[in-house]
Amino acid sequence: MILSFLHTIDSLDASLLVLLNGCNCPAADTFFTYVTDRFFWIPAYAVLALFLYKQLGKQRFLYLLLSILLMVICTDQLTSTIIKPMAHRMRPCHDPLLAPRLHLLDGVCGGSYGFVSSHAANTFALCSLLFMALGSRWKKVMILLFSWAAVVSFSRIYLGVHYPGDVIVGALIGFAIGRLFGYIYLRIIHRHTLNKTI
């Protein structure tokens, strides 16, 4: 019964992928190829870092930067080194039965296994941590950041390198890890503030 349920979920995941991946055009191909490239976002990261530095000050910014670096390492290792080899779920672009039904672009498939999406995990982890660090003061910034994470995550489905389930679970894992590191960051800031007042 459980195997039948998992097979049904897997079939629905594949059907949804084919549907979403099938909504393609040359302009969207170019757009999502850039969106999914991590190096493409380096200038945006620099602008975000400058914004955070100005809002938080040097001390808090350095603590936040360290938290982000450790969080990304943790998220990336968990998804790529632990979960993907254990889950052993082939990327759709590597599936010989499914790949012919997909709109695929050269050179963007990636490694053999796709569950879960590291792109989704890392982007949502970053947004989750920043949401805790900034609080409700910068709602428009957070809406922009979560929208960015959603678009980056969707790019993995559009390009046929992940099933929707890979992306959704990856985003949930990333969100949870971001919350964890956000909590640690706030504890450090709180303790640092107490020490300065004593």
# chains A, B, ... in the order shown; residues from 1 in each chain; ligands from 1
$ residues_around --residues "A:Val141" --least-positions-apart "6" --cutoff "10 Å" --atoms "only C-alpha atoms" --output "number ranges by chain"
A: 48, 130-131, 134, 147
$ closest_atom_pairs --of "stretch 83-146 of chain A" --to "stretch 51-75 of chain A" --cutoff "7 Å" --atoms "only C-alpha atoms" --output "CSV"
residue,atom,partner,partner_atom,distance
A:Ala121,CA,A:Thr75,CA,6.7
A:Asn122,CA,A:Val72,CA,6.2
A:Leu126,CA,A:Ile68,CA,7.0
$ write_last_selection --atoms "N, CA and C atoms" --output "CSV table (one decimal), in the first residue's frame"
chain,number,residue,atom,x,y,z
A,121,ALA,N,17.0,24.7,-1.6
A,121,ALA,CA,17.4,24.6,-0.2
A,121,ALA,C,18.2,25.9,0.2
A,122,ASN,N,19.2,26.2,-0.6
A,122,ASN,CA,20.1,27.3,-0.3
A,122,ASN,C,19.4,28.6,-0.3
A,126,LEU,N,18.7,31.1,2.9
A,126,LEU,CA,19.1,32.4,3.0
A,126,LEU,C,18.0,33.4,3.4
$ residues_around --residues "stretch 77-90 of chain A" --least-positions-apart "3" --cutoff "7 Å" --atoms "only C-alpha atoms" --output "MDAnalysis selection string"
chainID A and resid 73:74 94:95 112:116 118
$ residues_around --residues "stretch 154-170 of chain A" --least-positions-apart "4" --cutoff "7 Å" --atoms "only C-alpha atoms" --output "MDAnalysis selection string"
chainID A and resid 13:14 17 20:21 32 35:36 91:93 102:105 109 114:118 120:121 150 174
$ write_last_selection --atoms "C-alpha atoms" --output "short mmCIF file (atom, residue, chain, number, x, y, z; two decimals), in the first residue's frame"
data_model
loop_
_atom_site.label_atom_id
_atom_site.label_comp_id
_atom_site.auth_asym_id
_atom_site.auth_seq_id
_atom_site.Cartn_x
_atom_site.Cartn_y
_atom_site.Cartn_z
CA ASP A 13 5.40 14.56 -9.78
CA ALA A 14 6.51 13.48 -13.26
CA LEU A 17 7.08 18.35 -14.36
CA LEU A 20 5.46 22.94 -16.33
CA ASN A 21 8.52 22.14 -18.41
CA PHE A 32 15.97 30.73 -16.67
CA VAL A 35 18.50 32.70 -13.21
CA THR A 36 19.74 29.21 -12.33
CA ARG A 91 17.25 13.63 -12.09
CA PRO A 92 14.49 13.74 -14.73
CA CYS A 93 16.97 14.92 -17.36
CA LEU A 102 11.17 17.07 -21.70
CA HIS A 103 12.41 20.34 -23.12
CA LEU A 104 16.08 20.20 -22.14
CA LEU A 105 18.95 22.61 -22.73
CA CYS A 109 21.52 18.80 -16.24
CA GLY A 114 18.19 15.29 -7.84
CA PHE A 115 16.33 14.74 -4.56
CA VAL A 116 16.47 17.28 -3.02
CA SER A 117 17.18 20.53 -4.88
CA SER A 118 20.23 22.28 -3.42
CA ALA A 120 15.92 25.57 -3.53
CA ALA A 121 17.39 24.64 -0.16
CA ALA A 150 10.79 31.03 -5.75
CA GLY A 174 16.26 25.15 3.53
#
$ closest_residue --among "A:Leu97, A:Leu172, A:Ala27, A:Ile9" --to "A:Phe124" --atoms "only C-alpha atoms"
A:Leu172
$ atom_distance --atom1 "atom CA of A:Ala171" --atom2 "atom CA of A:His119"
8.4 Å
$ atom_distance --atom1 "atom CA of A:Asn24" --atom2 "atom CA of A:Asp10"
22.7 Å
$ atom_distance --atom1 "atom CA of A:Gly178" --atom2 "atom CA of A:Ala133"
10.3 Å
$ select_by_dssp --residues "stretch 1-88 of chain A" --states "alpha helix (DSSP H)" --output "PyMOL selection string"
chain A and resi 2-21+26-35+42-56+58-76+84-87
$ closest_residue --among "A:Phe175, A:His190, A:Trp41, A:Arg101" --to "A:Trp148" --atoms "only C-alpha atoms"
A:Trp41
